[in-house]
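Trainee: What follows is entry_16.csv; its format and atoms are CSV, C-alpha atoms and all ligand atoms.
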```csv
chain,number,residue,atom,x,y,z
A,1398,MET,CA,-110.9,-163.7,-41.7
A,1399,THR,CA,-113.8,-161.7,-40.0
A,1400,TRP,CA,-117.4,-161.2,-40.9
A,1401,SER,CA,-117.6,-158.2,-43.2
A,1402,THR,CA,-119.8,-155.1,-43.0
A,1403,ASP,CA,-118.0,-153.3,-45.9
A,1404,PRO,CA,-119.9,-152.3,-49.0
A,1405,VAL,CA,-120.4,-155.2,-51.4
A,1406,VAL,CA,-120.1,-154.9,-55.1
A,1407,ILE,CA,-122.8,-156.7,-57.1
A,1408,ILE,CA,-121.7,-157.7,-60.6
A,1409,VAL,CA,-124.2,-158.6,-63.3
A,1410,ALA,CA,-123.2,-161.0,-66.0
A,1411,PRO,CA,-126.3,-160.8,-68.2
A,1412,THR,CA,-125.6,-162.9,-71.3
A,1413,GLY,CA,-122.4,-165.0,-71.4
A,1414,ALA,CA,-121.5,-167.1,-74.4
A,1415,GLU,CA,-123.1,-170.4,-73.7
A,1416,VAL,CA,-126.7,-169.7,-72.7
A,1417,THR,CA,-129.4,-169.8,-75.4
A,1418,ARG,CA,-132.9,-168.4,-75.9
A,1419,GLU,CA,-134.1,-172.0,-76.0
A,1420,GLN,CA,-132.8,-172.4,-72.4
A,1421,ASN,CA,-134.2,-169.1,-71.2
A,1422,PRO,CA,-136.3,-167.0,-73.6
A,1423,HIS,CA,-135.5,-163.8,-71.6
A,1424,LEU,CA,-131.8,-163.9,-72.4
A,1425,PRO,CA,-130.7,-160.4,-73.6
A,1426,ILE,CA,-128.8,-160.7,-76.9
A,1427,THR,CA,-128.8,-157.5,-78.9
A,1428,PRO,CA,-126.8,-154.4,-77.7
A,1429,GLU,CA,-130.1,-152.7,-76.9
A,1430,GLU,CA,-131.5,-155.6,-75.0
A,1431,ILE,CA,-128.2,-156.0,-73.0
A,1432,ALA,CA,-128.1,-152.3,-72.2
A,1433,ASP,CA,-131.7,-152.2,-71.0
A,1434,GLU,CA,-131.1,-155.3,-68.9
A,1435,VAL,CA,-128.0,-153.7,-67.4
A,1436,ALA,CA,-129.8,-150.4,-66.7
A,1437,SER,CA,-132.6,-152.3,-64.8
A,1438,SER,CA,-130.0,-154.3,-62.9
A,1439,ALA,CA,-128.1,-151.1,-62.0
A,1440,SER,CA,-131.3,-149.7,-60.6
A,1441,GLU,CA,-131.5,-152.8,-58.3
A,1442,GLY,CA,-128.0,-152.4,-57.1
A,1443,ALA,CA,-125.5,-153.8,-59.7
A,1444,SER,CA,-122.4,-151.6,-60.0
A,1445,VAL,CA,-120.4,-153.6,-62.4
A,1446,VAL,CA,-121.3,-155.4,-65.6
A,1447,HIS,CA,-119.4,-158.3,-67.3
A,1448,ILE,CA,-120.2,-158.1,-71.0
A,1449,HIS,CA,-120.3,-160.8,-73.6
A,1450,ALA,CA,-121.5,-159.8,-77.1
A,1451,ARG,CA,-123.7,-161.8,-79.5
A,1452,HIS,CA,-124.6,-161.5,-83.1
A,1453,SER,CA,-128.3,-160.7,-83.7
A,1454,ASP,CA,-129.0,-164.4,-84.3
A,1455,GLY,CA,-127.5,-165.2,-80.8
A,1456,ARG,CA,-124.1,-166.5,-81.9
A,1457,PRO,CA,-121.3,-165.2,-79.7
A,1458,THR,CA,-118.9,-162.6,-81.1
A,1459,ALA,CA,-115.9,-160.8,-79.7
A,1460,ASP,CA,-116.1,-158.0,-82.2
A,1461,PRO,CA,-114.8,-154.8,-80.4
A,1462,GLY,CA,-117.3,-152.7,-82.5
A,1463,VAL,CA,-120.2,-154.6,-81.0
A,1464,LEU,CA,-118.7,-154.5,-77.6
A,1465,ARG,CA,-118.2,-150.8,-77.8
A,1466,ARG,CA,-121.8,-150.3,-79.0
A,1467,ILE,CA,-123.1,-152.2,-75.9
A,1468,ALA,CA,-120.8,-150.1,-73.6
A,1469,ASP,CA,-122.0,-146.9,-75.2
A,1470,LEU,CA,-125.7,-147.8,-74.9
A,1471,ILE,CA,-125.1,-148.8,-71.2
A,1472,ARG,CA,-123.4,-145.5,-70.5
A,1473,GLU,CA,-126.3,-143.6,-72.0
A,1474,ARG,CA,-128.6,-145.4,-69.6
A,1475,CYS,CA,-126.6,-145.6,-66.3
A,1476,ASP,CA,-123.3,-145.6,-64.6
A,1477,VAL,CA,-121.8,-149.0,-64.0
A,1478,VAL,CA,-118.2,-150.2,-64.2
A,1479,ILE,CA,-117.7,-151.7,-67.7
A,1480,GLY,CA,-116.2,-155.1,-67.7
A,1481,MET,CA,-115.7,-157.3,-70.7
A,1482,SER,CA,-114.9,-161.0,-71.3
A,1483,THR,CA,-111.7,-162.0,-73.0
A,1484,GLY,CA,-112.7,-165.6,-72.4
A,1485,ALA,CA,-115.4,-165.0,-75.0
A,1486,GLU,CA,-116.5,-168.4,-76.4
A,1487,VAL,CA,-114.6,-171.7,-76.2
A,1488,GLY,CA,-112.8,-172.0,-79.6
A,1489,MET,CA,-112.4,-168.3,-80.4
A,1490,SER,CA,-109.0,-167.4,-81.7
A,1491,GLN,CA,-106.3,-165.8,-79.6
A,1492,GLU,CA,-106.3,-162.8,-81.9
A,1493,GLU,CA,-110.1,-162.3,-81.5
A,1494,ARG,CA,-109.8,-162.5,-77.8
A,1495,ILE,CA,-107.0,-160.0,-77.5
A,1496,LYS,CA,-108.9,-157.6,-79.8
A,1497,VAL,CA,-111.6,-157.4,-77.2
A,1498,LEU,CA,-109.3,-155.0,-75.4
A,1499,ASP,CA,-109.6,-152.5,-78.3
A,1500,ALA,CA,-113.1,-151.8,-76.8
A,1501,ARG,CA,-111.4,-150.2,-73.8
A,1502,PRO,CA,-113.3,-151.8,-70.9
A,1503,GLU,CA,-112.5,-150.7,-67.3
A,1504,ILE,CA,-112.1,-154.4,-66.3
A,1505,ALA,CA,-111.5,-157.5,-68.4
A,1506,SER,CA,-111.5,-161.1,-67.5
A,1507,LEU,CA,-108.2,-163.0,-67.6
A,1508,ASN,CA,-108.6,-166.7,-67.6
A,1509,CYS,CA,-105.7,-168.3,-65.8
A,1510,GLY,CA,-105.4,-171.8,-67.3
A,1511,SER,CA,-106.6,-174.3,-69.8
A,1512,MET,CA,-109.2,-176.9,-68.9
A,1513,ASN,CA,-112.1,-179.1,-70.0
A,1514,PHE,CA,-115.2,-176.8,-70.1
A,1515,GLY,CA,-118.2,-179.1,-70.3
A,1516,HIS,CA,-117.6,-181.2,-73.4
A,1517,GLU,CA,-115.1,-178.8,-74.9
A,1518,ILE,CA,-111.5,-177.6,-74.3
A,1519,PHE,CA,-111.1,-174.0,-73.1
A,1520,ASP,CA,-107.6,-173.2,-74.3
A,1521,ASN,CA,-105.7,-170.6,-72.3
A,1522,SER,CA,-102.0,-171.2,-73.1
A,1523,PRO,CA,-99.3,-169.5,-71.0
A,1524,ALA,CA,-98.5,-167.3,-74.0
A,1525,LEU,CA,-102.1,-166.1,-74.4
A,1526,ILE,CA,-102.4,-165.4,-70.7
A,1527,GLU,CA,-99.2,-163.4,-70.6
A,1528,ALA,CA,-100.1,-161.5,-73.8
A,1529,LEU,CA,-103.5,-160.5,-72.4
A,1530,ALA,CA,-102.0,-159.6,-69.0
A,1531,ALA,CA,-99.3,-157.4,-70.6
A,1532,ARG,CA,-101.8,-155.6,-72.8
A,1533,MET,CA,-104.2,-155.0,-69.9
A,1534,GLN,CA,-101.4,-153.6,-67.8
A,1535,ALA,CA,-100.2,-151.3,-70.7
A,1536,ASP,CA,-103.7,-150.0,-71.2
A,1537,GLY,CA,-104.6,-149.6,-67.5
A,1538,ILE,CA,-107.4,-152.2,-67.8
A,1539,ARG,CA,-108.0,-154.0,-64.5
A,1540,PRO,CA,-107.6,-157.8,-64.9
A,1541,GLU,CA,-110.2,-160.0,-63.2
A,1542,LEU,CA,-108.5,-163.3,-62.6
A,1543,GLU,CA,-110.8,-166.1,-63.6
A,1544,THR,CA,-109.6,-169.1,-61.6
A,1545,TYR,CA,-111.4,-172.4,-62.1
A,1546,ASP,CA,-109.2,-174.5,-59.8
A,1547,LEU,CA,-106.5,-174.4,-57.2
A,1548,GLY,CA,-103.7,-174.8,-59.8
A,1549,MET,CA,-104.8,-171.6,-61.5
A,1550,LEU,CA,-104.1,-169.7,-58.3
A,1551,ALA,CA,-100.5,-170.8,-58.6
A,1552,THR,CA,-100.5,-169.3,-62.1
A,1553,VAL,CA,-101.7,-166.0,-60.6
A,1554,GLY,CA,-98.7,-166.1,-58.3
A,1555,ARG,CA,-96.4,-166.7,-61.2
A,1556,LEU,CA,-97.9,-163.8,-63.2
A,1557,ILE,CA,-97.4,-161.5,-60.1
A,1558,GLY,CA,-93.8,-162.7,-59.9
A,1559,LEU,CA,-93.3,-161.8,-63.6
A,1560,GLY,CA,-94.7,-158.3,-62.8
A,1561,LEU,CA,-97.7,-158.8,-65.2
A,1562,ILE,CA,-100.4,-158.3,-62.6
A,1563,ASP,CA,-100.6,-155.2,-60.4
A,1564,GLU,CA,-101.1,-155.9,-56.7
A,1565,PRO,CA,-103.4,-156.5,-55.0
A,1566,PRO,CA,-104.9,-158.9,-57.5
A,1567,LEU,CA,-108.7,-159.1,-58.2
A,1568,TYR,CA,-110.0,-162.7,-58.2
A,1569,ASN,CA,-113.1,-164.3,-59.6
A,1570,PHE,CA,-113.3,-167.9,-58.4
A,1571,VAL,CA,-115.4,-169.8,-60.9
A,1572,MET,CA,-117.0,-172.8,-59.3
A,1573,GLY,CA,-119.1,-175.6,-60.7
A,1574,VAL,CA,-118.0,-175.6,-64.3
A,1575,GLN,CA,-117.8,-179.2,-65.5
A,1576,GLY,CA,-114.0,-179.7,-65.7
A,1577,GLY,CA,-113.2,-177.2,-62.9
A,1578,VAL,CA,-113.4,-177.1,-59.1
A,1579,ALA,CA,-116.7,-178.4,-57.7
A,1580,ALA,CA,-118.9,-175.7,-56.1
A,1581,SER,CA,-118.8,-176.5,-52.4
A,1582,PRO,CA,-118.2,-174.4,-49.2
A,1583,GLU,CA,-115.0,-176.3,-48.5
A,1584,ASN,CA,-113.6,-175.6,-52.0
A,1585,LEU,CA,-114.4,-171.9,-51.7
A,1586,LEU,CA,-112.4,-171.8,-48.4
A,1587,ALA,CA,-109.6,-173.7,-50.2
A,1588,MET,CA,-109.6,-171.2,-53.1
A,1589,LEU,CA,-109.4,-168.4,-50.5
A,1590,ARG,CA,-106.6,-170.2,-48.6
A,1591,GLU,CA,-104.6,-170.7,-51.8
A,1592,ARG,CA,-104.7,-167.1,-53.0
A,1593,PRO,CA,-101.1,-166.2,-53.6
A,1594,ARG,CA,-101.9,-162.7,-52.3
A,1595,LEU,CA,-104.8,-161.1,-50.5
A,1596,GLY,CA,-107.1,-159.2,-52.8
A,1597,GLN,CA,-110.8,-158.5,-53.5
A,1598,TRP,CA,-112.7,-161.5,-54.8
A,1599,THR,CA,-116.0,-162.6,-56.3
A,1600,VAL,CA,-117.4,-166.0,-56.9
A,1601,SER,CA,-119.2,-167.2,-60.1
A,1602,GLY,CA,-121.3,-170.2,-58.9
A,1603,ILE,CA,-122.7,-172.1,-61.8
A,1604,GLY,CA,-126.4,-173.0,-61.9
A,1605,ARG,CA,-128.0,-173.8,-58.6
A,1606,HIS,CA,-124.7,-173.0,-56.8
A,1607,GLN,CA,-125.0,-169.3,-57.6
A,1608,LEU,CA,-127.3,-168.4,-54.8
A,1609,PRO,CA,-125.5,-170.2,-51.9
A,1610,LEU,CA,-122.1,-169.2,-53.1
A,1611,VAL,CA,-122.9,-165.5,-53.5
A,1612,THR,CA,-124.5,-165.6,-50.0
A,1613,LEU,CA,-121.4,-167.2,-48.6
A,1614,ALA,CA,-119.2,-164.7,-50.4
A,1615,CYS,CA,-121.2,-161.8,-49.0
A,1616,ALA,CA,-120.8,-163.1,-45.4
A,1617,LEU,CA,-117.0,-163.8,-45.9
A,1618,GLY,CA,-116.2,-160.4,-47.3
A,1619,GLY,CA,-116.2,-161.2,-51.0
A,1620,HIS,CA,-118.4,-159.6,-53.7
A,1621,MET,CA,-121.5,-161.0,-55.5
A,1622,ARG,CA,-121.8,-162.0,-59.1
A,1623,VAL,CA,-125.2,-163.0,-60.5
A,1624,GLY,CA,-126.8,-163.2,-63.9
A,1625,PHE,CA,-127.8,-165.5,-66.7
A,1626,GLU,CA,-124.2,-166.2,-67.8
A,1627,ASP,CA,-123.9,-168.4,-64.8
A,1628,ASN,CA,-127.5,-169.2,-63.8
A,1629,ILE,CA,-130.8,-168.9,-65.6
A,1630,TYR,CA,-133.1,-169.9,-62.7
A,1631,TYR,CA,-134.7,-167.9,-60.0
A,1632,ARG,CA,-135.3,-171.0,-57.9
A,1633,LYS,CA,-135.6,-174.7,-58.7
A,1634,GLY,CA,-137.9,-175.2,-61.7
A,1635,GLU,CA,-138.6,-171.5,-62.2
A,1636,LEU,CA,-136.6,-169.6,-64.8
A,1637,ALA,CA,-135.6,-166.0,-63.9
A,1638,THR,CA,-137.3,-163.5,-66.1
A,1639,THR,CA,-134.7,-160.8,-65.8
A,1640,ASN,CA,-131.2,-160.4,-64.6
A,1641,ALA,CA,-132.5,-157.6,-62.4
A,1642,GLN,CA,-134.5,-160.2,-60.4
A,1643,LEU,CA,-131.3,-161.9,-59.5
A,1644,VAL,CA,-129.5,-158.6,-58.6
A,1645,ALA,CA,-132.5,-157.5,-56.5
A,1646,ARG,CA,-132.3,-160.7,-54.5
A,1647,ALA,CA,-128.5,-160.3,-54.0
A,1648,ARG,CA,-129.1,-156.8,-52.7
A,1649,ARG,CA,-131.7,-158.0,-50.2
A,1650,ILE,CA,-129.3,-160.7,-49.0
A,1651,ALA,CA,-126.4,-158.2,-48.7
A,1652,GLU,CA,-128.6,-155.7,-46.8
A,1653,GLU,CA,-129.9,-158.5,-44.4
A,1654,LEU,CA,-126.2,-159.4,-43.8
A,1655,GLY,CA,-125.4,-155.9,-42.9
A,1656,ARG,CA,-123.4,-155.0,-46.0
A,1657,PRO,CA,-124.5,-151.9,-47.9
A,1658,VAL,CA,-124.4,-152.1,-51.7
A,1659,ALA,CA,-121.5,-150.3,-53.3
A,1660,THR,CA,-122.2,-147.4,-55.8
A,1661,PRO,CA,-120.3,-147.6,-59.1
A,1662,ASP,CA,-117.7,-145.1,-57.9
A,1663,GLN,CA,-117.3,-147.1,-54.7
A,1664,ALA,CA,-116.9,-150.3,-56.8
A,1665,ARG,CA,-114.1,-148.6,-58.8
A,1666,GLU,CA,-112.3,-147.8,-55.6
A,1667,ILE,CA,-112.9,-151.2,-54.0
A,1668,LEU,CA,-111.8,-153.2,-57.1
A,1669,GLY,CA,-108.9,-150.9,-58.0
A,1670,VAL,CA,-110.2,-149.7,-61.3
A,1671,THR,CA,-108.3,-146.7,-62.5
A,1672,HIS,CA,-109.3,-146.0,-66.1
A,1673,GLY,CA,-112.8,-145.0,-67.1
B,1701,LIG,N1,-117.4,-168.5,-72.0
B,1701,LIG,C1,-116.4,-169.2,-71.3
B,1701,LIG,C2,-115.7,-170.1,-72.2
B,1701,LIG,C3,-114.8,-165.1,-69.2
B,1701,LIG,O1,-115.8,-164.4,-69.4
B,1701,LIG,O2,-113.6,-164.8,-69.3
B,1701,LIG,C4,-115.4,-168.3,-70.6
B,1701,LIG,C5,-116.0,-167.2,-69.8
B,1701,LIG,C6,-115.1,-166.6,-68.9
B,1701,LIG,O3,-117.1,-166.8,-69.9
B,1702,ZN,ZN,-117.8,-164.4,-69.0
```
Taking this structure as input, can you express it in the form of structure tokens?
Ligand code: KMH
Ligand code: ZN
Mentor:
Amino acid sequence: MTWSTDPVVIIVAPTGAEVTREQNPHLPITPEEIADEVASSASEGASVVHIHARHSDGRPTADPGVLRRIADLIRERCDVVIGMSTGAEVGMSQEERIKVLDARPEIASLNCGSMNFGHEIFDNSPALIEALAARMQADGIRPELETYDLGMLATVGRLIGLGLIDEPPLYNFVMGVQGGVAASPENLLAMLRERPRLGQWTVSGIGRHQLPLVTLACALGGHMRVGFEDNIYYRKGELATTNAQLVARARRIAEELGRPVATPDQAREILGVTHG
């Protein structure tokens, strides 16, 4: 591994499924709010969005109609790589999660194992993982491999062996979920060491771990994911008021570390996105 000076992709995850307006009153919920937030994040340097949809009352939904509306509104405002979550909300049915792909994102998350997720169980059976991977491959949607622990990286190797994931794989190491790998520098290096194949990678650091982990990722050649899905604070005791604030800080860090921020087209090339 060497210090990287390659362009860095900043991914914004503006909403997620778990965060509420009670926790951060600035959480974007409606398609218009999400699209506005993505547009301002794009103007600060975000080149990829990871979308979760909500009903207007804030409850999560995986309705492809709502997801398509969010993507259309984003495309009217700016060019970013459109990513969507098939993890959706803990407890959503397999059918609902597979139907997310009807919205035709460029990238979709593929959660690589079941686990405790806070006080709930996040169910990702081998059959669901394989069905999602096969459908993404058939539709030319780039899977972003959400790995919450070392064992899930072994699953990635198995999926590659089955021919369900095109190489090189694209990883997102999720660190700091209660029930998954702890967010520490040692564990990030362990995740990198245990990758079954080399490939581009990002880190989702939960809560206060977001800032140091994206900084480490940037120095080590990875990409930077920020946003309210993973972290609602700007600093200890101070809520972030926009996702763009977090993106702008990531950009400043990247530039100080000598990595230019990737444009959306550069992000497509770097991440291996082929369908738009
Ligand atoms: N909401 C979590 C249960 C993903 O986007 O695929 C899953 C999640 C990961 O957010
Ligand atoms: Zn997500």
Trainee: Pick the closest to ligand LIG 1701 (chain B) from A:Gly1558, A:Gly1576, A:Pro1404, A:Gly1537: which is it, counting all atoms listed in the file?
Mentor: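 Checking each candidate against ligand LIG 1701 (chain B), we get A:Gly1576 as the closest.
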Trainee: Near stretch 1462-1466 of chain A, within 10 Å and counting all atoms listed in the file, which residues show up once chain neighbours fewer than 2 positions away are dropped, as a PyMOL selection string?
Mentor: chain A and resi 1427-1429+1432+1448-1452+1458-1460+1468-1472+1481-1482+1497-1502
Trainee: Using all atoms listed in the file, which residues sit within 9 Å of A:Leu1556 once same-chain residues fewer than 4 positions away are excluded, as JSON, numbers by chain?
Mentor: {"A": [1526, 1527, 1530, 1551, 1552, 1560, 1561, 1562]}
Trainee: Give as a PyMOL selection string the residues surrounding ligand LIG 1701 (chain B) up to a distance of 8 Å, considering only C-alpha atoms and all ligand atoms.
Mentor: chain A and resi 1413-1415+1447-1449+1481-1487+1505-1508+1514+1519+1543+1626
Trainee: Choose the residue, out of A:Ala1587, A:Ala1641, A:Leu1610, A:Val1623, that has the smallest atom-to-atom separation from ligand ZN 1702 (chain B); count only C-alpha atoms and all ligand atoms.
Mentor: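 Answer, going by the shortest atom-to-atom distance: A:Val1623.
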